[in-house]
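Chemist: What follows is my_file.cif, mmCIF, C-alpha atoms.
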data_work
#
loop_
_atom_site.label_atom_id
_atom_site.label_comp_id
_atom_site.auth_asym_id
_atom_site.auth_seq_id
_atom_site.Cartn_x
_atom_site.Cartn_y
_atom_site.Cartn_z
CA MET U 1 160.85 103.95 233.25
CA TYR U 2 160.40 105.74 229.95
CA ASP U 3 157.18 106.96 228.41
CA TYR U 4 158.32 106.03 224.90
CA ILE U 5 161.04 103.72 223.64
CA ILE U 6 162.12 103.87 220.01
CA ILE U 7 164.04 100.93 218.58
CA GLY U 8 166.39 102.06 215.83
CA GLY U 9 168.63 105.10 215.55
CA GLY U 10 168.20 105.71 211.83
CA ILE U 11 166.55 108.82 210.46
CA VAL U 12 162.98 107.51 210.89
CA GLY U 13 163.54 106.55 214.53
CA LEU U 14 165.24 109.87 215.24
CA SER U 15 162.52 111.91 213.56
CA THR U 16 159.91 110.02 215.60
CA GLY U 17 161.79 110.77 218.82
CA MET U 18 162.11 114.41 217.85
CA GLU U 19 158.38 114.69 217.12
CA LEU U 20 157.45 113.01 220.40
CA LEU U 21 159.49 115.58 222.30
CA ASN U 22 158.04 118.42 220.22
CA ARG U 23 154.52 117.25 221.01
CA PHE U 24 155.15 116.17 224.61
CA PRO U 25 158.08 118.16 226.01
CA SER U 26 157.88 116.50 229.43
CA ALA U 27 157.96 112.96 227.99
CA LYS U 28 160.79 110.59 228.84
CA VAL U 29 162.03 109.21 225.50
CA ALA U 30 164.77 106.67 224.81
CA ILE U 31 166.16 105.62 221.45
CA LEU U 32 167.85 102.21 221.40
CA GLU U 33 170.52 101.75 218.73
CA LYS U 34 172.54 98.54 218.45
CA GLU U 35 175.50 100.24 216.78
CA SER U 36 178.00 102.70 218.29
CA HIS U 37 176.55 105.68 216.39
CA VAL U 38 173.29 106.80 214.83
CA ALA U 39 172.49 106.46 211.10
CA ALA U 40 174.72 103.39 210.82
CA HIS U 41 172.87 101.52 208.10
CA GLN U 42 170.29 102.61 205.50
CA THR U 43 170.45 106.27 206.50
CA GLY U 44 174.23 106.47 206.58
CA HIS U 45 174.58 104.75 203.19
CA ASN U 46 172.01 106.93 201.45
CA SER U 47 173.00 108.88 198.32
CA GLY U 48 171.33 111.96 199.76
CA VAL U 49 168.56 112.76 197.29
CA ILE U 50 165.56 114.77 198.42
CA HIS U 51 162.81 113.13 196.39
CA SER U 52 159.71 114.87 195.08
CA GLY U 53 157.21 112.00 195.25
CA ILE U 54 156.65 111.81 191.49
CA TYR U 55 156.92 108.02 191.19
CA TYR U 56 154.34 106.95 193.74
CA LYS U 57 150.67 106.10 193.57
CA PRO U 58 148.53 109.19 194.23
CA GLY U 59 147.17 109.17 197.77
CA SER U 60 149.76 106.67 199.04
CA TYR U 61 151.94 107.33 202.06
CA LYS U 62 154.96 107.59 199.77
CA ALA U 63 153.36 110.17 197.49
CA ARG U 64 151.90 112.32 200.29
CA LEU U 65 154.74 112.13 202.77
CA ALA U 66 157.54 112.53 200.19
CA LYS U 67 155.94 115.70 198.82
CA LYS U 68 155.46 117.19 202.30
CA GLY U 69 158.72 115.70 203.50
CA SER U 70 160.78 117.35 200.77
CA GLU U 71 159.51 120.69 202.02
CA SER U 72 159.96 119.96 205.74
CA MET U 73 163.41 118.41 205.20
CA THR U 74 164.55 121.49 203.29
CA GLU U 75 163.15 123.76 205.99
CA PHE U 76 164.83 121.69 208.74
CA CYS U 77 168.22 121.89 207.04
CA ARG U 78 168.02 125.63 206.46
CA LYS U 79 166.85 126.27 210.02
CA HIS U 80 169.77 124.33 211.49
CA GLY U 81 172.48 125.43 209.08
CA LEU U 82 172.89 122.08 207.31
CA GLU U 83 174.01 121.86 203.70
CA VAL U 84 171.09 121.48 201.31
CA ASP U 85 170.76 122.21 197.59
CA ILE U 86 167.41 122.18 195.78
CA CYS U 87 169.09 121.65 192.44
CA GLY U 88 166.31 119.88 190.53
CA LYS U 89 166.50 116.74 188.46
CA VAL U 90 165.58 115.47 185.03
CA ILE U 91 163.88 112.15 184.27
CA VAL U 92 164.87 111.27 180.73
CA ALA U 93 163.32 109.26 177.91
CA SER U 94 166.20 108.31 175.62
CA GLU U 95 164.40 105.84 173.35
CA ASP U 96 161.11 105.89 171.44
CA PHE U 97 159.51 103.09 173.47
CA GLU U 98 159.99 105.20 176.61
CA LEU U 99 157.92 108.14 175.33
CA PRO U 100 154.54 106.78 176.46
CA LEU U 101 156.13 105.78 179.79
CA ILE U 102 157.35 109.31 180.42
CA ASP U 103 153.93 110.71 179.50
CA ASN U 104 152.34 108.43 182.10
CA LEU U 105 154.90 109.42 184.71
CA TYR U 106 154.34 113.10 183.98
CA GLN U 107 150.60 112.66 184.53
CA ARG U 108 151.29 110.87 187.81
CA GLY U 109 153.42 113.79 188.92
CA LEU U 110 150.61 116.20 188.11
CA ASP U 111 148.14 113.97 189.97
CA ASN U 112 150.47 114.18 192.98
CA GLY U 113 150.31 117.97 192.88
CA LEU U 114 153.88 118.59 191.76
CA GLY U 115 155.01 121.66 189.84
CA ILE U 116 156.87 119.77 187.12
CA ARG U 117 157.41 120.48 183.42
CA MET U 118 157.81 118.35 180.33
CA ILE U 119 160.79 119.62 178.36
CA ASP U 120 162.08 118.87 174.88
CA HIS U 121 165.53 117.82 173.70
CA GLY U 122 166.75 121.40 173.41
CA GLU U 123 165.77 122.50 176.90
CA LEU U 124 167.07 119.25 178.35
CA HIS U 125 170.49 120.01 176.89
CA GLU U 126 170.45 123.47 178.43
CA ILE U 127 170.07 121.80 181.85
CA GLU U 128 172.24 118.71 181.27
CA PRO U 129 174.35 119.20 178.11
CA HIS U 130 175.73 115.64 177.95
CA VAL U 131 172.49 113.68 178.26
CA ASN U 132 171.14 111.53 175.45
CA GLY U 133 167.41 112.20 175.59
CA LYS U 134 164.40 112.77 173.38
CA LYS U 135 162.43 114.55 176.08
CA ALA U 136 162.38 114.72 179.85
CA ILE U 137 160.48 115.74 182.95
CA HIS U 138 162.09 118.58 184.85
CA VAL U 139 161.50 118.18 188.59
CA PRO U 140 162.68 121.46 190.15
CA MET U 141 161.87 120.57 193.77
CA ALA U 142 164.30 117.62 193.93
CA GLY U 143 167.51 118.24 195.81
CA ILE U 144 170.49 116.85 197.69
CA VAL U 145 171.50 116.70 201.34
CA ASN U 146 173.65 114.65 203.71
CA TYR U 147 171.22 112.48 205.70
CA LYS U 148 173.91 111.43 208.15
CA GLN U 149 174.39 115.09 209.08
CA VAL U 150 170.61 115.48 209.36
CA SER U 151 170.43 112.45 211.67
CA GLU U 152 173.23 113.75 213.87
CA LYS U 153 171.42 117.09 214.19
CA MET U 154 168.19 115.28 215.12
CA ALA U 155 170.08 113.30 217.76
CA GLU U 156 171.52 116.55 219.12
CA ILE U 157 168.02 118.06 219.35
CA ILE U 158 166.64 114.98 221.10
CA THR U 159 169.42 115.05 223.66
CA ALA U 160 168.98 118.79 224.23
CA LYS U 161 165.27 118.21 224.91
CA GLY U 162 166.07 115.58 227.54
CA GLY U 163 165.81 112.42 225.47
CA ASP U 164 168.25 109.53 225.86
CA ILE U 165 170.06 107.93 222.94
CA LEU U 166 171.31 104.57 224.16
CA LEU U 167 174.00 103.30 221.80
CA ASN U 168 175.30 99.72 221.70
CA HIS U 169 171.89 98.53 222.93
CA LYS U 170 170.95 95.56 220.75
CA VAL U 171 167.38 94.41 221.36
CA LEU U 172 167.23 90.75 222.43
CA ALA U 173 163.65 90.29 223.65
CA ILE U 174 160.43 92.28 224.05
CA ASP U 175 157.55 91.71 226.42
CA GLU U 176 154.39 93.79 226.04
CA THR U 177 152.29 93.49 229.19
CA ALA U 178 148.94 95.10 229.94
CA HIS U 179 150.64 98.11 231.53
CA GLU U 180 154.18 98.40 230.20
CA VAL U 181 156.80 97.30 227.72
CA ILE U 182 159.96 95.50 228.83
CA VAL U 183 162.82 95.50 226.32
CA GLN U 184 165.79 93.26 227.04
CA THR U 185 168.96 94.57 225.43
CA SER U 186 172.63 93.65 225.31
CA ARG U 187 173.15 96.36 227.97
CA GLY U 188 170.31 95.36 230.26
CA GLU U 189 166.57 95.95 230.63
CA VAL U 190 164.74 99.07 229.43
CA ARG U 191 161.14 99.67 230.48
CA GLY U 192 158.54 101.99 229.02
CA ALA U 193 154.87 102.63 228.51
CA TYR U 194 154.97 102.33 224.70
CA TYR U 195 157.51 101.67 221.97
CA VAL U 196 158.04 102.19 218.25
CA ASN U 197 159.88 99.70 216.06
CA CYS U 198 161.96 101.66 213.54
CA GLY U 199 164.46 98.85 213.08
CA GLY U 200 164.88 99.13 209.31
CA LEU U 201 166.77 96.09 208.12
CA GLN U 202 165.90 94.29 211.38
CA SER U 203 162.31 95.57 211.72
CA ASP U 204 160.58 92.26 210.93
CA ARG U 205 162.76 90.44 213.45
CA ILE U 206 161.97 93.00 216.13
CA ALA U 207 158.26 92.57 215.40
CA LYS U 208 158.72 88.81 215.73
CA LEU U 209 160.43 89.26 219.12
CA ALA U 210 157.28 91.09 220.25
CA GLY U 211 155.06 88.24 219.03
CA LEU U 212 153.56 90.26 216.18
CA LYS U 213 152.44 88.02 213.33
CA THR U 214 152.62 89.57 209.85
CA ASP U 215 152.86 88.21 206.33
CA VAL U 216 155.97 90.24 205.48
CA LYS U 217 159.70 89.61 205.65
CA ILE U 218 162.56 92.01 205.03
CA VAL U 219 164.61 90.98 201.99
CA PRO U 220 167.85 93.00 201.63
CA PHE U 221 168.82 94.37 198.22
CA ARG U 222 172.26 95.88 197.82
CA GLY U 223 172.58 98.96 195.63
CA GLU U 224 176.08 99.02 194.15
CA TYR U 225 177.44 102.35 192.92
CA PHE U 226 180.35 103.58 190.90
CA MET U 227 181.69 107.11 191.19
CA LEU U 228 182.66 109.46 188.40
CA LYS U 229 186.30 110.51 188.57
CA PRO U 230 186.63 114.11 189.79
CA GLU U 231 188.09 115.33 186.51
CA LYS U 232 184.92 114.14 184.73
CA SER U 233 182.42 115.53 187.24
CA SER U 234 181.49 118.42 184.94
CA LEU U 235 179.63 115.93 182.74
CA VAL U 236 176.84 115.77 185.34
CA LYS U 237 175.39 119.05 186.58
CA ASN U 238 172.81 117.79 189.08
CA LEU U 239 170.49 114.74 189.08
CA ILE U 240 169.77 112.61 186.00
CA TYR U 241 167.38 109.65 186.10
CA PRO U 242 166.08 107.31 183.40
CA VAL U 243 162.40 106.60 182.96
CA PRO U 244 161.76 103.69 185.37
CA ASN U 245 161.18 100.24 183.96
CA PRO U 246 157.54 99.51 184.89
CA ASN U 247 158.38 95.80 185.04
CA PHE U 248 161.07 96.21 187.72
CA PRO U 249 160.62 97.87 191.14
CA PHE U 250 163.87 99.87 191.12
CA LEU U 251 164.75 103.18 189.45
CA GLY U 252 167.60 102.05 187.21
CA VAL U 253 171.10 103.48 186.76
CA HIS U 254 171.08 107.21 187.49
CA PHE U 255 173.54 110.02 188.14
CA THR U 256 173.55 111.86 191.44
CA ARG U 257 175.60 114.90 192.39
CA MET U 258 176.07 114.51 196.11
CA ILE U 259 176.30 117.41 198.55
CA SER U 260 180.08 116.86 198.68
CA GLY U 261 180.32 117.41 194.92
CA ALA U 262 181.08 113.75 194.14
CA ILE U 263 179.01 112.07 191.43
CA ASP U 264 177.39 108.70 192.14
CA VAL U 265 176.64 106.47 189.14
CA GLY U 266 174.28 103.55 189.72
CA PRO U 267 173.04 101.50 191.33
CA ASN U 268 172.73 97.91 190.45
CA ALA U 269 170.11 96.23 192.62
CA VAL U 270 171.11 92.71 193.69
CA LEU U 271 170.11 90.40 196.49
CA SER U 272 172.41 90.93 199.46
CA PHE U 273 173.67 87.74 201.15
CA LYS U 274 173.79 89.63 204.44
CA ARG U 275 171.20 92.06 205.82
CA GLU U 276 173.88 94.61 206.57
CA GLY U 277 176.23 93.54 203.80
CA TYR U 278 177.76 96.46 201.93
CA LYS U 279 180.44 94.50 200.08
CA LYS U 280 179.98 91.87 197.37
CA THR U 281 181.90 89.41 199.52
CA ASP U 282 179.72 89.89 202.62
CA LEU U 283 177.90 86.72 203.62
CA ASN U 284 175.81 85.78 206.63
CA VAL U 285 174.63 82.20 206.25
CA ALA U 286 171.67 82.68 208.61
CA ASP U 287 170.51 85.78 206.76
CA LEU U 288 170.82 84.07 203.39
CA MET U 289 169.08 80.88 204.49
CA GLU U 290 166.20 82.91 205.91
CA VAL U 291 165.64 84.44 202.47
CA VAL U 292 166.11 81.16 200.59
CA ALA U 293 163.64 79.38 202.89
CA TYR U 294 160.98 82.06 202.37
CA ARG U 295 158.37 81.05 199.81
CA GLY U 296 157.62 84.68 198.99
CA PHE U 297 161.17 85.13 197.74
CA TRP U 298 160.86 82.33 195.18
CA LYS U 299 157.57 83.75 193.92
CA LEU U 300 159.28 87.11 193.52
CA ALA U 301 162.29 85.51 191.83
CA ARG U 302 160.10 83.81 189.25
CA LYS U 303 158.33 87.07 188.48
CA TYR U 304 161.52 89.10 188.01
CA MET U 305 163.87 86.34 186.87
CA LYS U 306 165.02 88.11 183.68
CA GLU U 307 165.59 91.49 185.32
CA GLY U 308 167.21 89.93 188.39
CA VAL U 309 169.71 87.94 186.32
CA GLU U 310 170.57 91.05 184.32
CA GLU U 311 171.26 92.97 187.53
CA MET U 312 173.55 90.19 188.78
CA ILE U 313 175.46 90.10 185.50
CA ARG U 314 175.91 93.89 185.57
CA SER U 315 177.16 93.56 189.13
CA ALA U 316 179.91 91.23 187.89
CA SER U 317 180.67 93.02 184.61
CA LYS U 318 181.68 96.65 184.37
CA GLU U 319 181.37 96.44 180.59
CA LEU U 320 177.69 95.53 180.79
CA PHE U 321 177.10 98.16 183.47
CA MET U 322 178.54 100.72 181.05
CA LYS U 323 175.81 99.96 178.52
CA ASN U 324 173.28 101.35 180.98
CA VAL U 325 175.51 104.32 181.73
CA GLN U 326 176.05 105.22 178.09
CA LYS U 327 172.40 104.88 177.18
CA LEU U 328 171.88 108.17 179.02
CA MET U 329 175.41 109.58 179.13
CA PRO U 330 177.36 108.47 176.03
CA ASP U 331 180.33 110.72 176.86
CA ILE U 332 181.16 108.72 179.99
CA GLN U 333 183.73 106.03 179.26
CA LYS U 334 184.65 102.90 181.19
CA ASP U 335 187.82 104.45 182.65
CA ASP U 336 185.85 107.47 183.89
CA ILE U 337 184.17 105.56 186.72
CA VAL U 338 185.61 103.78 189.74
CA PRO U 339 183.97 101.53 192.35
CA GLY U 340 182.01 103.51 194.93
CA PRO U 341 180.02 102.89 198.07
CA ALA U 342 177.00 100.62 198.40
CA GLY U 343 173.80 100.70 200.39
CA VAL U 344 171.33 98.02 201.41
CA ARG U 345 167.61 98.57 200.99
CA ALA U 346 165.29 96.95 203.52
CA GLN U 347 162.45 95.85 201.26
CA ALA U 348 159.42 94.15 202.77
CA LEU U 349 158.14 91.16 200.81
CA LYS U 350 154.82 89.41 201.27
CA ASP U 351 154.17 85.68 201.38
CA ASP U 352 152.53 85.86 197.94
CA GLY U 353 155.76 87.21 196.40
CA SER U 354 154.61 90.80 196.04
CA LEU U 355 156.80 93.66 197.20
CA VAL U 356 155.20 95.98 199.74
CA ASP U 357 154.87 99.10 197.61
CA ASP U 358 154.14 101.68 200.30
CA PHE U 359 155.35 102.54 203.78
CA PHE U 360 153.89 99.86 206.04
CA ILE U 361 153.03 100.88 209.60
CA VAL U 362 151.40 98.25 211.83
CA PRO U 363 149.98 98.76 215.36
CA SER U 364 150.18 96.26 218.20
CA LYS U 365 149.12 96.27 221.88
CA ARG U 366 151.44 98.99 223.11
CA SER U 367 153.49 99.61 220.00
CA ILE U 368 153.78 100.78 216.41
CA HIS U 369 155.91 98.83 213.94
CA VAL U 370 157.37 100.44 210.80
CA LEU U 371 157.83 97.35 208.65
CA ASN U 372 158.58 98.93 205.28
CA ALA U 373 160.36 102.25 204.95
CA PRO U 374 162.71 102.16 201.95
CA SER U 375 163.26 105.16 199.68
CA PRO U 376 161.87 107.84 199.88
CA ALA U 377 161.78 107.34 203.66
CA ALA U 378 164.77 109.61 204.32
CA THR U 379 163.11 112.43 202.38
CA ALA U 380 159.81 111.78 204.15
CA SER U 381 161.30 111.04 207.57
CA ILE U 382 160.08 114.17 209.37
CA GLU U 383 156.55 113.55 208.08
CA ILE U 384 156.74 109.82 208.86
CA GLY U 385 157.65 110.75 212.44
CA LYS U 386 154.62 113.03 212.63
CA GLU U 387 152.38 110.31 211.18
CA ILE U 388 153.61 107.74 213.70
CA VAL U 389 153.00 110.09 216.63
CA ARG U 390 149.51 110.91 215.33
CA LYS U 391 148.73 107.21 215.13
CA MET U 392 150.07 106.60 218.61
CA ASP U 393 148.14 109.53 220.04
CA GLY U 394 144.90 108.21 218.55
CA MET U 395 145.50 104.64 219.68
CA PHE U 396 147.01 105.04 223.11
CA LYS U 397 145.68 108.38 224.45
CA MET U 398 149.29 109.34 224.92
CA GLU U 399 148.74 112.53 226.90
CA SER U 400 147.93 110.30 229.90
CA ALA U 401 151.39 108.72 229.66
CA VAL U 402 153.20 112.00 230.23
#
Can I see the file as C-alpha cells?
Modeler:
Amino acid sequence: MYDYIIIGGGIVGLSTGMELLNRFPSAKVAILEKESHVAAHQTGHNSGVIHSGIYYKPGSYKARLAKKGSESMTEFCRKHGLEVDICGKVIVASEDFELPLIDNLYQRGLDNGLGIRMIDHGELHEIEPHVNGKKAIHVPMAGIVNYKQVSEKMAEIITAKGGDILLNHKVLAIDETAHEVIVQTSRGEVRGAYYVNCGGLQSDRIAKLAGLKTDVKIVPFRGEYFMLKPEKSSLVKNLIYPVPNPNFPFLGVHFTRMISGAIDVGPNAVLSFKREGYKKTDLNVADLMEVVAYRGFWKLARKYMKEGVEEMIRSASKELFMKNVQKLMPDIQKDDIVPGPAGVRAQALKDDGSLVDDFFIVPSKRSIHVLNAPSPAATASIEIGKEIVRKMDGMFKMESAV
C-alpha cells in the first residue's frame, strides 16, 4: 500500500515523485512506467533546450513555471554534476514584416520579467556570425542540457529516498474508491491513497480509465529534425530561433546546439499516425482513427489547413525544408544536413478545435491529472512537480496520509 502512486516515468512524473519525497520523507511513493526505462518518450526525445518563458502569456503556468524552472533546472544540474550550459539564444527577425512581431515578443518578454535585450544587425553578427537578420532578441538565460540524464538522476534520488520505480508496469485499469486507489497493471495490482497522472502521450487515456470526463484529447505531433554535419557545426554557435508565426502554434525551424555538441536543425511539425511514432513510416491504426474520429481535430485542421499542408510538404521535400533553413542561415547548403532524430509532442486539443495553450492540471476524487504538458514542460518540470504537490496538499490534506 503506497501513499502516492505516480503514473508515468517521464521528467514531470519523476520531478513530482522527487518533490513528494522532499516534502514527506516518510511517504511511500511508487512511479509506474510502462517502458523498460525512464524518460522513454517525450523526455528522452527532447532537444535539450532550457527555455526562458519568453513566448508565453504573462501570468500563465508556462510563463511563470518556465522562468522559475530554468533557474531550478540549472541549479539542479550544477548541484548533481550534470552537464549544463547557459549559452543564451537569439530570436531573429530576418524580414521587414517580422519587425513588429519581434517588438511584440520583446514586450512580452519584459512583461514576463526576463532580462532580455533587443540587438541590432551588428551585435547579432557578433553572437551568431552566419545569421541573416535585421534585428534580434538576445535571451541570455536560455541554455542546453540532457533531459534524459536529468531524469536518470531524479530516478536515482527517488530510489535513494526509498521510492519505488516500477518499470514495465503498463496501467490497464484504475478504480478510485472512497478510501484508496487501485491501479491494475500488466504486472499486477498496485494500491495507494492518491495518484498523479503524468502519462504524457497517454495522459488522456489514463484519465478516461479513471472515469474522468474532460473535453480534451491528446493529438500527437511529430517534430522531425535534421542534423548539421560535424564539419559544418561552426556555423551555429548556440541557439538560433526565428520569430514565431503568430498564426501557427509551433516555433518554426530553428538551430540548436545540443549538450553533445551536435547541431539540430528543425523541426517540421506534422501529425503523427502513432502516439509514440518517431519514424515517418510508423502507423497505429487505432491511434490514427481516434484522431480522425475526433471532431476537434477537423476544426483544428480547417483553421490551420494552409500551414499544416506546408509542414507536410516540407516533411516530404528536403528542398522545401531548405528554404526555411536558408531564410535564417543562408550559408547552410542542402548537403550540409542529414536526417536526425524525431520527437512526438503530446498536445491537448479541445472539442471546439482549440489547442490547450497552457499546462492543464485537473483534479479528481483522489488524483491529479496532468493533461497538457508539452514544451516547456521539461524546463519547468521541477516547478511543475512542486505545483502538483502544492495542489495535492491543499486538496487532500496529505500530511494525514503519511
Chemist: The PyMOL selection byres ((chain U and resi 258) around 9) on the file shown: which residues, as a PyMOL selection string?
Modeler: chain U and resi 47-49+144-146+238-239+256-257+259-264
Chemist: I need the output of the PyMOL selection byres ((chain U and resi 56-71) around 9) for this file as a PDB file with C-alpha atoms, in the frame of the given file; which residues are they?
Modeler:
ATOM      1  CA  ILE U  50     165.560 114.770 198.420  1.00  0.00           C
ATOM      2  CA  HIS U  51     162.810 113.130 196.390  1.00  0.00           C
ATOM      3  CA  SER U  52     159.710 114.870 195.080  1.00  0.00           C
ATOM      4  CA  GLY U  53     157.210 112.000 195.250  1.00  0.00           C
ATOM      5  CA  ILE U  54     156.650 111.810 191.490  1.00  0.00           C
ATOM      6  CA  TYR U  55     156.920 108.020 191.190  1.00  0.00           C
ATOM      7  CA  SER U  72     159.960 119.960 205.740  1.00  0.00           C
ATOM      8  CA  MET U  73     163.410 118.410 205.200  1.00  0.00           C
ATOM      9  CA  THR U  74     164.550 121.490 203.290  1.00  0.00           C
ATOM     10  CA  GLU U  75     163.150 123.760 205.990  1.00  0.00           C
ATOM     11  CA  PHE U  76     164.830 121.690 208.740  1.00  0.00           C
ATOM     12  CA  ARG U 108     151.290 110.870 187.810  1.00  0.00           C
ATOM     13  CA  GLY U 109     153.420 113.790 188.920  1.00  0.00           C
ATOM     14  CA  ASP U 111     148.140 113.970 189.970  1.00  0.00           C
ATOM     15  CA  ASN U 112     150.470 114.180 192.980  1.00  0.00           C
ATOM     16  CA  GLY U 113     150.310 117.970 192.880  1.00  0.00           C
ATOM     17  CA  LEU U 114     153.880 118.590 191.760  1.00  0.00           C
ATOM     18  CA  MET U 141     161.870 120.570 193.770  1.00  0.00           C
ATOM     19  CA  ALA U 142     164.300 117.620 193.930  1.00  0.00           C
ATOM     20  CA  GLY U 143     167.510 118.240 195.810  1.00  0.00           C
ATOM     21  CA  ASP U 357     154.870  99.100 197.610  1.00  0.00           C
ATOM     22  CA  ASP U 358     154.140 101.680 200.300  1.00  0.00           C
ATOM     23  CA  PHE U 359     155.350 102.540 203.780  1.00  0.00           C
ATOM     24  CA  PHE U 360     153.890  99.860 206.040  1.00  0.00           C
ATOM     25  CA  SER U 375     163.260 105.160 199.680  1.00  0.00           C
ATOM     26  CA  PRO U 376     161.870 107.840 199.880  1.00  0.00           C
ATOM     27  CA  ALA U 377     161.780 107.340 203.660  1.00  0.00           C
ATOM     28  CA  ALA U 378     164.770 109.610 204.320  1.00  0.00           C
ATOM     29  CA  THR U 379     163.110 112.430 202.380  1.00  0.00           C
ATOM     30  CA  ALA U 380     159.810 111.780 204.150  1.00  0.00           C
ATOM     31  CA  SER U 381     161.300 111.040 207.570  1.00  0.00           C
ATOM     32  CA  ILE U 382     160.080 114.170 209.370  1.00  0.00           C
ATOM     33  CA  GLU U 383     156.550 113.550 208.080  1.00  0.00           C
ATOM     34  CA  ILE U 384     156.740 109.820 208.860  1.00  0.00           C
ATOM     35  CA  GLU U 387     152.380 110.310 211.180  1.00  0.00           C
TER      36      GLU U 387
END
Chemist: Rank U:Ile165, U:Ile158, U:Val236, U:Ala27 by their smallest atom-to-atom distance to His125 in chain U, using all atoms listed in the file, and report the top residue only.
Modeler: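 Smallest distance to His125 in chain U is found for U:Val236.
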Chemist: Calculate how many Å separate CA of Gly13 in chain U from CA of Gln42 in chain U, rounding to one decimal.
Modeler: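 Separation between CA of Gly13 in chain U and CA of Gln42 in chain U: 11.9 Å.
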Chemist: For a quick check of understanding, using only C-alpha atoms, which of U:Ala286, U:Leu300, U:His254, U:Pro374 has the smallest distance to Met322 in chain U?
Modeler: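 Result for the nearest residue to Met322 in chain U: U:His254.
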Chemist: Starting from the shown file, work through the PyMOL selection byres ((chain U and resi 334) around 12) and note down what comes out as an MDAnalysis selection string.
Modeler: chainID U and resid 226:229 232 265 317:326 329:333 335:339
Chemist: Can you tell me, as a list of chain:residue names, which residues sit within 9 Å of (159.4, 96.3, 205.1) in the file's frame, using all atoms listed in the file?
Modeler: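 Protein, DNA and RNA residues close to (159.4, 96.3, 205.1): U:Gly200, U:Leu201, U:Ser203, U:Asp204, U:Val216, U:Lys217, U:Ile218, U:Val219, U:Ala346, U:Gln347, U:Ala348, U:Leu349, U:Leu355, U:Val356, U:Asp358, U:Phe359, U:Phe360, U:Val370, U:Leu371, U:Asn372, U:Ala373, U:Pro374.
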Chemist: Excluding Ile102 in chain U and its own-chain neighbours fewer than 2 positions away, which residues fall within 9 Å of it when counting all atoms listed in the file? Please give them as an NGL selection string.
Modeler: :U and (91-93 or 98-100 or 104-107 or 135-137 or 243-244)
Chemist: Hey, can you check how far CA of Glu156 in chain U sits from CA of Tyr195 in chain U?
Modeler: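 Straight-line distance from CA of Glu156 in chain U to CA of Tyr195 in chain U works out to 20.6 Å.
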